[in-house]
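Structure file work36.cif; described as mmCIF, C-alpha atoms and all ligand atoms.
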```cif
data_run
loop_
_atom_site.label_atom_id
_atom_site.label_comp_id
_atom_site.auth_asym_id
_atom_site.auth_seq_id
_atom_site.Cartn_x
_atom_site.Cartn_y
_atom_site.Cartn_z
CA MET A 1 -102.65 -117.19 -41.31
CA GLN A 2 -102.94 -120.90 -42.05
CA LEU A 3 -104.47 -122.16 -45.26
CA HIS A 4 -105.74 -125.75 -45.50
CA ILE A 5 -106.79 -126.96 -48.91
CA ALA A 6 -108.97 -130.07 -49.15
CA ASP A 7 -109.86 -132.02 -52.27
CA ASN A 8 -113.58 -131.44 -51.92
CA MET A 9 -116.37 -130.39 -49.57
CA GLU A 10 -116.45 -133.78 -47.84
CA GLU A 11 -112.73 -133.65 -47.00
CA LEU A 12 -112.93 -130.00 -46.05
CA SER A 13 -115.70 -130.72 -43.54
CA THR A 14 -113.82 -133.73 -42.16
CA SER A 15 -110.65 -131.67 -41.63
CA VAL A 16 -112.60 -129.00 -39.79
CA ALA A 17 -114.45 -131.59 -37.68
CA ASN A 18 -111.17 -133.28 -36.69
CA TRP A 19 -109.52 -129.98 -35.88
CA LEU A 20 -112.57 -128.80 -33.93
CA VAL A 21 -112.68 -131.91 -31.71
CA GLN A 22 -109.01 -131.52 -30.90
CA TYR A 23 -109.22 -127.73 -30.33
CA ILE A 24 -112.32 -127.88 -28.12
CA GLY A 25 -110.69 -130.65 -26.02
CA GLN A 26 -107.51 -128.65 -25.64
CA VAL A 27 -109.35 -125.47 -24.57
CA LEU A 28 -111.56 -127.36 -22.10
CA GLU A 29 -108.48 -128.75 -20.36
CA LYS A 30 -107.76 -125.15 -19.26
CA GLN A 31 -111.24 -123.67 -18.76
CA ASP A 32 -114.77 -124.86 -18.10
CA ARG A 33 -116.56 -123.37 -21.11
CA PHE A 34 -116.03 -123.13 -24.84
CA THR A 35 -117.62 -120.18 -26.63
CA ILE A 36 -118.24 -120.54 -30.34
CA ALA A 37 -119.92 -118.34 -32.93
CA LEU A 38 -121.49 -120.31 -35.78
CA SER A 39 -121.81 -119.11 -39.33
CA GLY A 40 -124.88 -119.35 -41.50
CA GLY A 41 -125.28 -120.02 -45.20
CA SER A 42 -124.83 -123.43 -46.75
CA THR A 43 -121.14 -124.25 -46.27
CA PRO A 44 -121.29 -125.36 -42.58
CA LYS A 45 -124.14 -127.83 -43.12
CA LYS A 46 -121.86 -130.75 -43.99
CA LEU A 47 -119.67 -130.01 -40.95
CA HIS A 48 -122.73 -129.96 -38.67
CA GLU A 49 -123.97 -133.23 -40.13
CA LEU A 50 -120.60 -134.84 -39.45
CA LEU A 51 -120.45 -133.58 -35.88
CA ILE A 52 -123.67 -135.36 -34.98
CA THR A 53 -122.47 -138.73 -36.27
CA GLU A 54 -121.20 -141.40 -33.89
CA ALA A 55 -117.63 -140.73 -34.97
CA TYR A 56 -117.66 -137.21 -33.52
CA ARG A 57 -120.66 -136.68 -31.26
CA ASP A 58 -119.20 -138.24 -28.12
CA LYS A 59 -115.78 -136.65 -28.56
CA ILE A 60 -117.15 -133.22 -27.68
CA ASP A 61 -118.39 -132.18 -24.22
CA TRP A 62 -121.48 -130.39 -25.53
CA SER A 63 -122.56 -129.43 -22.00
CA LYS A 64 -119.68 -126.93 -21.90
CA LEU A 65 -120.35 -125.28 -25.23
CA HIS A 66 -121.86 -121.81 -25.38
CA ILE A 67 -123.29 -121.10 -28.81
CA PHE A 68 -123.53 -117.76 -30.60
CA TRP A 69 -124.06 -116.71 -34.21
CA GLY A 70 -121.92 -114.49 -36.40
CA ASP A 71 -124.91 -113.06 -38.19
CA GLU A 72 -128.60 -113.50 -38.81
CA ARG A 73 -131.09 -112.77 -41.52
CA TYR A 74 -134.00 -110.82 -40.08
CA VAL A 75 -136.65 -113.45 -40.69
CA PRO A 76 -138.71 -115.54 -38.26
CA ILE A 77 -136.79 -118.47 -36.79
CA ASP A 78 -138.97 -120.98 -38.65
CA ASN A 79 -138.08 -119.40 -42.02
CA GLU A 80 -135.78 -121.47 -44.27
CA LEU A 81 -133.45 -118.46 -44.58
CA SER A 82 -132.82 -118.29 -40.83
CA ASN A 83 -129.22 -119.04 -39.88
CA ALA A 84 -130.42 -120.17 -36.44
CA LYS A 85 -132.92 -122.60 -38.00
CA MET A 86 -130.18 -124.11 -40.14
CA ALA A 87 -127.97 -124.65 -37.09
CA TYR A 88 -130.80 -126.15 -35.01
CA ASP A 89 -131.91 -128.46 -37.82
CA THR A 90 -128.45 -129.72 -38.69
CA LEU A 91 -126.68 -129.63 -35.30
CA LEU A 92 -128.24 -128.21 -32.18
CA ASN A 93 -131.38 -130.37 -32.16
CA HIS A 94 -129.09 -133.40 -32.10
CA VAL A 95 -126.57 -132.58 -29.34
CA PRO A 96 -126.99 -131.90 -25.60
CA VAL A 97 -126.05 -128.21 -25.37
CA PRO A 98 -128.06 -126.69 -22.48
CA ALA A 99 -130.73 -124.38 -23.94
CA GLU A 100 -129.65 -121.47 -21.74
CA GLN A 101 -126.19 -121.63 -23.35
CA ILE A 102 -127.55 -121.07 -26.85
CA HIS A 103 -127.80 -117.41 -27.82
CA ILE A 104 -129.70 -116.70 -31.02
CA MET A 105 -129.86 -113.26 -32.59
CA ARG A 106 -133.51 -112.46 -31.99
CA THR A 107 -135.83 -111.54 -34.81
CA ASP A 108 -138.86 -110.99 -32.62
CA LEU A 109 -137.40 -107.62 -31.59
CA GLU A 110 -136.78 -104.60 -33.86
CA PRO A 111 -133.43 -105.09 -35.67
CA GLU A 112 -131.54 -102.46 -33.68
CA ALA A 113 -133.03 -103.61 -30.37
CA SER A 114 -131.97 -107.15 -31.24
CA ALA A 115 -128.41 -106.05 -32.00
CA ALA A 116 -128.28 -104.10 -28.71
CA ALA A 117 -129.61 -107.11 -26.78
CA TYR A 118 -126.93 -109.30 -28.37
CA GLU A 119 -124.22 -106.83 -27.47
CA SER A 120 -125.34 -106.94 -23.84
CA ILE A 121 -125.02 -110.74 -23.83
CA LEU A 122 -121.57 -110.52 -25.41
CA HIS A 123 -120.38 -107.95 -22.88
CA ALA A 124 -121.66 -110.08 -20.00
CA TYR A 125 -119.57 -112.97 -21.34
CA PHE A 126 -116.44 -111.21 -22.48
CA ASP A 127 -115.88 -107.92 -20.65
CA ASN A 128 -113.52 -109.53 -18.16
CA THR A 129 -111.77 -112.02 -20.40
CA PRO A 130 -108.52 -111.50 -22.34
CA THR A 131 -110.11 -112.73 -25.57
CA THR A 132 -113.72 -112.94 -26.74
CA PHE A 133 -114.87 -116.16 -28.46
CA ASP A 134 -112.75 -119.29 -28.31
CA LEU A 135 -113.71 -119.76 -31.93
CA VAL A 136 -115.58 -117.87 -34.61
CA LEU A 137 -116.57 -119.95 -37.63
CA LEU A 138 -117.04 -117.81 -40.71
CA GLY A 139 -118.16 -118.26 -44.28
CA MET A 140 -117.46 -116.09 -47.28
CA GLY A 141 -119.95 -115.23 -50.00
CA ASP A 142 -118.80 -115.07 -53.62
CA ASP A 143 -118.97 -111.26 -53.33
CA GLY A 144 -116.37 -111.35 -50.51
CA HIS A 145 -118.83 -110.71 -47.66
CA THR A 146 -118.44 -112.42 -44.35
CA LEU A 147 -120.79 -112.21 -41.35
CA SER A 148 -123.29 -109.63 -42.74
CA LEU A 149 -120.48 -107.27 -43.71
CA PHE A 150 -121.29 -106.71 -47.37
CA PRO A 151 -119.25 -104.84 -50.01
CA GLY A 152 -120.02 -101.13 -49.91
CA LYS A 153 -121.51 -101.21 -46.39
CA THR A 154 -118.63 -99.03 -45.24
CA GLU A 155 -120.01 -97.97 -41.88
CA VAL A 156 -120.59 -101.55 -40.73
CA ILE A 157 -117.36 -102.89 -42.22
CA HIS A 158 -115.31 -100.25 -40.39
CA GLU A 159 -117.30 -100.26 -37.13
CA GLN A 160 -114.87 -99.70 -34.25
CA GLN A 161 -117.02 -99.62 -31.09
CA ARG A 162 -120.12 -101.78 -31.39
CA TRP A 163 -119.86 -105.57 -31.10
CA ALA A 164 -123.15 -106.23 -32.87
CA THR A 165 -125.23 -104.07 -35.14
CA SER A 166 -128.11 -104.18 -37.60
CA LEU A 167 -128.19 -103.08 -41.21
CA TRP A 168 -130.59 -102.87 -44.10
CA LEU A 169 -129.55 -104.79 -47.22
CA GLU A 170 -131.21 -103.32 -50.28
CA SER A 171 -130.03 -106.17 -52.50
CA GLN A 172 -131.94 -108.71 -50.39
CA ASN A 173 -134.71 -106.43 -49.20
CA MET A 174 -133.94 -107.54 -45.68
CA TYR A 175 -132.43 -106.42 -42.39
CA ARG A 176 -129.46 -108.32 -41.05
CA ILE A 177 -127.96 -108.52 -37.57
CA THR A 178 -124.26 -109.07 -37.41
CA LEU A 179 -121.22 -109.22 -35.20
CA THR A 180 -118.61 -106.64 -36.13
CA ALA A 181 -114.86 -106.81 -36.65
CA PRO A 182 -113.88 -105.54 -33.15
CA VAL A 183 -115.44 -108.49 -31.31
CA VAL A 184 -114.38 -111.09 -33.89
CA ASN A 185 -110.83 -109.78 -34.04
CA LYS A 186 -110.50 -110.23 -30.26
CA SER A 187 -111.28 -113.96 -30.53
CA ALA A 188 -108.81 -116.70 -29.71
CA ALA A 189 -109.34 -118.30 -33.13
CA VAL A 190 -111.19 -117.61 -36.35
CA ALA A 191 -111.78 -120.25 -39.02
CA PHE A 192 -113.18 -119.43 -42.45
CA LEU A 193 -114.78 -122.25 -44.46
CA ALA A 194 -115.17 -121.69 -48.18
CA ALA A 195 -115.99 -124.11 -50.97
CA GLY A 196 -116.81 -123.98 -54.64
CA ALA A 197 -115.33 -122.54 -57.83
CA ASN A 198 -117.66 -119.53 -57.66
CA LYS A 199 -115.54 -118.26 -54.74
CA ALA A 200 -112.12 -118.70 -56.35
CA VAL A 201 -111.62 -115.23 -57.86
CA VAL A 202 -112.66 -113.39 -54.71
CA LEU A 203 -110.83 -115.78 -52.38
CA LYS A 204 -107.58 -115.06 -54.20
CA GLU A 205 -108.13 -111.30 -53.81
CA VAL A 206 -109.06 -111.66 -50.14
CA ILE A 207 -105.99 -113.72 -49.29
CA THR A 208 -103.31 -112.49 -51.64
CA GLY A 209 -104.62 -109.16 -52.98
CA ALA A 210 -104.28 -105.56 -51.79
CA HIS A 211 -106.14 -104.61 -48.59
CA GLN A 212 -109.51 -103.31 -49.83
CA PRO A 213 -112.07 -104.22 -47.13
CA ASP A 214 -114.78 -102.03 -48.67
CA VAL A 215 -114.62 -104.25 -51.74
CA TYR A 216 -113.75 -107.51 -49.95
CA PRO A 217 -115.14 -107.23 -46.39
CA SER A 218 -113.64 -110.60 -45.39
CA GLN A 219 -110.29 -108.78 -45.29
CA VAL A 220 -111.41 -106.83 -42.21
CA ILE A 221 -111.12 -110.05 -40.19
CA ARG A 222 -107.62 -109.99 -38.74
CA PRO A 223 -107.48 -111.44 -35.20
CA GLU A 224 -105.28 -109.26 -32.99
CA LYS A 225 -103.74 -112.14 -31.05
CA GLY A 226 -105.71 -115.18 -32.14
CA HIS A 227 -105.17 -117.67 -34.95
CA LEU A 228 -106.68 -117.15 -38.37
CA MET A 229 -107.34 -120.26 -40.45
CA TRP A 230 -108.86 -120.78 -43.85
CA PHE A 231 -110.29 -124.21 -44.68
CA VAL A 232 -111.08 -124.27 -48.38
CA ASP A 233 -111.61 -126.84 -51.08
CA LYS A 234 -109.52 -127.05 -54.26
CA ALA A 235 -112.22 -125.45 -56.34
CA ALA A 236 -112.33 -122.35 -54.12
CA ALA A 237 -108.53 -122.25 -53.79
CA GLY A 238 -108.18 -121.91 -57.58
CA GLY A 239 -104.51 -121.24 -58.11
CA ILE A 240 -103.55 -120.50 -54.48
CA SER A 241 -101.34 -123.03 -52.69
CA GLU A 242 -100.79 -123.73 -48.98
O1 LIG B 301 -125.61 -114.82 -46.07
C1 LIG B 301 -124.72 -115.45 -45.57
O2 LIG B 301 -123.73 -115.94 -46.36
C2 LIG B 301 -122.44 -116.29 -45.86
C3 LIG B 301 -121.83 -117.25 -46.86
O3 LIG B 301 -122.71 -118.35 -47.04
P1 LIG B 301 -122.41 -119.63 -47.93
O4 LIG B 301 -123.78 -120.14 -48.32
O5 LIG B 301 -121.63 -119.19 -49.11
O6 LIG B 301 -121.70 -120.60 -47.06
C4 LIG B 301 -122.54 -116.85 -44.46
O7 LIG B 301 -121.26 -117.03 -43.91
C5 LIG B 301 -123.38 -115.93 -43.57
O8 LIG B 301 -123.45 -116.42 -42.25
C6 LIG B 301 -124.76 -115.84 -44.15
O9 LIG B 301 -125.61 -115.02 -43.38
#
```
In structure tokens, write the structure found in this file.
Amino acid sequence: MQLHIADNMEELSTSVANWLVQYIGQVLEKQDRFTIALSGGSTPKKLHELLITEAYRDKIDWSKLHIFWGDERYVPIDNELSNAKMAYDTLLNHVPVPAEQIHIMRTDLEPEASAAAYESILHAYFDNTPTTFDLVLLGMGDDGHTLSLFPGKTEVIHEQQRWATSLWLESQNMYRITLTAPVVNKSAAVAFLAAGANKAVVLKEVITGAHQPDVYPSQVIRPEKGHLMWFVDKAAAGGISE
């Protein structure tokens, strides 16, 4: 595991953007597509905004990117809570990724049908490849959740077979659709982005504490062969050092 600590959100997003440009370029020297799962929430917004600036936009061959999501809130795509809407507004509406290479988690189907449809897409992409995604970008909530793997949602946290599933979240009165650990842990690289002092206590437990994935679901993310990176700001790092 590699831990990168930036001074603030701006620097954190810049480090990830620089690393991303270099990593995508390196992967595309060996293959003709780059598969990436985006995260939702608020943390990636700054990164997205940077990637569409002149400094970065032309350094990425967007035509070769294939876009997925790590999880989705079961709301219509024009709802402010939609992870897909956030990514379109801040990134995808501004870069030339072919529409047929963008795979949203659908919320116009029943939650379980949507998860099953997503799994079919994932299997079509990855059944004959040694790894799944080239990169999964993840966030972490201040309760330790990542994707839509929330504390106490034991069955979903410990899922072994399915690559995508749906779940009901009482606390938010909402269904979620999420990738599961088996498909994420087969990725070539996973990068967590976390910022803010409200994440410090949990981040320390996730990275340095005992393995308790039911309490801290982010701990279930352990790529089998791929790289695991954490990009965090000083506030989230608290007392942890690189
Ligand atoms: O609900 C969610 O939250 C996490 C963390 O979001 P953040 O606002 O703290 O960055 C996010 O990674 C996930 O995709 C999203 O559905």
Using all atoms listed in the file, find each protein or nucleic acid residue lying at most 10 Å from ligand LIG 301 (chain B); present the set as a PyMOL selection string. chain A and resi 38-45+69-74+81-84+137-150+172+176-178+192-196+198-199
Work out how far apart atom CA of Pro96 of chain A and atom CA of His48 of chain A are and give it in Å to one decimal.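 Here the two named atoms are 13.9 Å from each other.
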Pick out the closest residue to Pro111 of chain A from this set: A:Asn128, A:Ser63, A:Ser166, A:Ser218. Count all atoms listed in the file.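 So, comparing all the options, the nearest one is A:Ser166.
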Enter the distance from atom CA of His211 of chain A to atom CA of Val232 of chain A, in Å, rounded to one decimal. 20.3 Å
For a cut-off of 12 Å around (-134.6, -110.6, -28.7), file coordinates, pick out all residues using all atoms listed in the file and list them as a PyMOL selection string. chain A and resi 74+76-77+103-121+177
What separates atom CA of Ala164 of chain A and atom CA of Asn79 of chain A is a distance of 21.9 Å
Write out as a PyMOL selection string which residues come within 10 Å of Gln161 of chain A when counting only C-alpha atoms, dropping same-chain ones fewer than 6 positions away. chain A and resi 180-183
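When only C-alpha atoms are used to compute distances to Ser15 of chain A, the closest of the residues A:Thr35, A:Pro98, A:His123, A:Leu51 turns out to be A:Leu51.
For the choices A:Thr53, A:Thr131, A:Gln212, A:Asn93, the atom-to-atom distance to Ser187 of chain A is smallest for A:Thr131 when using all atoms listed in the file.
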May I ask which of the residues A:Lys204, A:Lys234, A:Arg33, A:Lys186 is the closest one to Ile67 of chain A, counting only C-alpha atoms? A:Arg33
Proximity to Gln31 of chain A - best of A:Leu47, A:Met1, A:Ala235, A:Leu65, all atoms listed in the file: A:Leu65
So, counting all atoms listed in the file, which residue among A:Leu203, A:Ile240, A:Leu228, A:Leu50 is closest to Glu11 of chain A?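 Distance minimum relative to Glu11 of chain A lands on A:Leu50.
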So that I can see what lies close to Lys64 of chain A, please list as a list in words the residues with an atom at most 12 Å from it, counting only C-alpha atoms and leaving out residues fewer than 3 positions away in the same chain. Ile24, Gly25, Val27, Leu28, Glu29, Gln31, Asp32, Arg33, Phe34, Thr35, Ile36, Ile60, Asp61, Ile67, Val95, Pro96, Val97, Pro98, Ala99, Glu100, Gln101 and Ile102 of chain A
